[in-house]
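Below: the structure, in structure tokens.
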Amino acid sequence: MRRFLAGLSAVLIALSGARPEVLRTCPTERAKFEGIGGAVLTTSVLAVVSMTFALSSALSVNIVLAVLAALLWGLAILSLDRWLVSTIRADAPNRWKMAVPRILIAFVLGLVISTPLVLQVFKAEIDTQIVEMKQERADLFARQQKQGEVGKGVDELRKEVADLQRVISSGGDVPLDIEQDPKIKALSAQRADARKQMDKHYNELQCQLYGGANCPKKGDGPLAQESRKAYEKDKKLVDLLTRQIEDRKDELNSSGEQAKATRLAAAKEALPKAQSQLDTAVEQQGRIQQSFDEDNLATDGLLTRLRALNELTGKDFTLSMARLLLFLLFLLIECLPVAVKLMQRPGIYEKALTLAERRDLDGMRDEFGVRSASRARSAAPGGSDSVWGIWSPREDEPRRPTARFEEEARPPEGPNGTRADPADSGYAYGSLEDEALRGMADTRTLRMPGPGAERSGGVELLPDED
């Protein structure tokens, strides 16, 4: 159990973005960073649950695939939240300004993750509302079908078929619907075309006689006479067709035996064609209805559920407040890592981290020869620069391994509690440098002390005066 707790603590500290080797030097700060790591882990777990609900319920994805995709999503949220908390320094002077874009990112992630959770909580109410929405759509579609061209055509064909069947069943006693008689329909269509031509020629005649936009020369000339002949011909045709239509109507409305036989024959002739047209129109209407029903039943996606939830909350104030509070709760949990990091006060860890970063910077400088380059001088043989070159570290000379951050020894304390400054033991000097120093020529001169020297027989060593 102790090993498990130690491993869990290491995982939480890693999720918090803290450096374990620095945190080991200040054990009193461990609980704080374990809490931050727990907040990051909580948001990732909620992200996994949220994505599982979204994929399985809204998109109807297989539960195994939904869980695998949700784990990848949770890993992405985990990495992003860890980056958010690790880039916010508690001792930064302007951390609130730097945290503004990170807060916005956390807020957007909270919106995305909390929405599927809210939908899952209100799943039963949403399903009921979706059924009502589908029924309303079906009723609206039925009304549109009835009032549309296809619906009106089906109604007219059904009426025509019923009338024809009634005439046939009565043996011709029941009069036909004159407007549905095939011969009258054909004559009416011919008359309509003849009237269009007549109106066209009449307008041309008026233009030729009295002038117009397309008739620059007016008068009863050859063009006008030609238009008059065409107009009179069309007028005669219209009159002829009109008489034929009236004769057909009289024939159909007659009560004699010959009229009955005519009506019966016309009904039997028109019924197969009318029935075929009705079957085609009904089949087309059925295909449209089937397509709508399939789409209406399959409409159960994320947008539909959100629309249903909006309609529910618009009708019920209590449900609206419950949805808002639940949404804010999940949003707060998702924004918790950044919020905890911003509320964190600087402690011992931040000071230790500053020292560790300074040590890393010094190590980098030594690694790339920055210090050696700054100390490089042009040494003259026999001069003081030669001594400096011997005692200074060289770039090609390896350094002795230094102790790790947590193993650095403190300088010993004196009897009064004072500590001596640690000596710089970063470099070791070998015997070759010592031998070179011993073999260097001494350029100083000897001079005997004058009268008034403090010690008799003493020798004063004076520096070189060149």
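Letters A, B, ... go to the chains of the structure tokens in the order shown; residues in each chain start at 1; ligands are counted from 1 in the same order.
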Neighbour list for Ile130 of chain A as a PyMOL selection string, cut-off 10 Å, only C-alpha atoms, skip fewer than 6 positions in-chain: chain A and resi 136+297+299-300+304-305+307-309+311
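Shortest separation to Val108 of chain A among A:Val167, A:Lys260, A:Glu269, A:Ile77 occurs at residue A:Ile77, atoms counted being only C-alpha atoms.
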9 Å contact set for Leu336 of chain A, only C-alpha atoms, chain neighbours under 4 positions out, as an MDAnalysis selection string: chainID A and resid 36 39:40 43 106 331:332 340:341
Two-atom distance - atom CA of Asn203 of chain A, atom CA of Lys218 of chain A (Å): 13.3 Å
Distance query segment 287-296 of chain A at most 12 Å, only C-alpha atoms, self and fewer than 6 positions along chain excluded, as number ranges by chain: A: 130-146, 150-151, 280-281, 304
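Shortest separation to Tyr202 of chain A among A:Lys183, A:Lys233, A:Arg358, A:Lys159 occurs at residue A:Lys233, atoms counted being only C-alpha atoms.
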Residues within 12 Å of Glu156 of chain A, only C-alpha atoms, excluding chain neighbours under 4 positions, as a ChimeraX atom specification: /A:146,149-152,160-163,179-180,274-275,277-278,281-282
Near-Leu65 of chain A list (10 Å; only C-alpha atoms; drop same-chain fewer than 4 positions) as a PyMOL selection string: chain A and resi 52+55-56+61+69-71
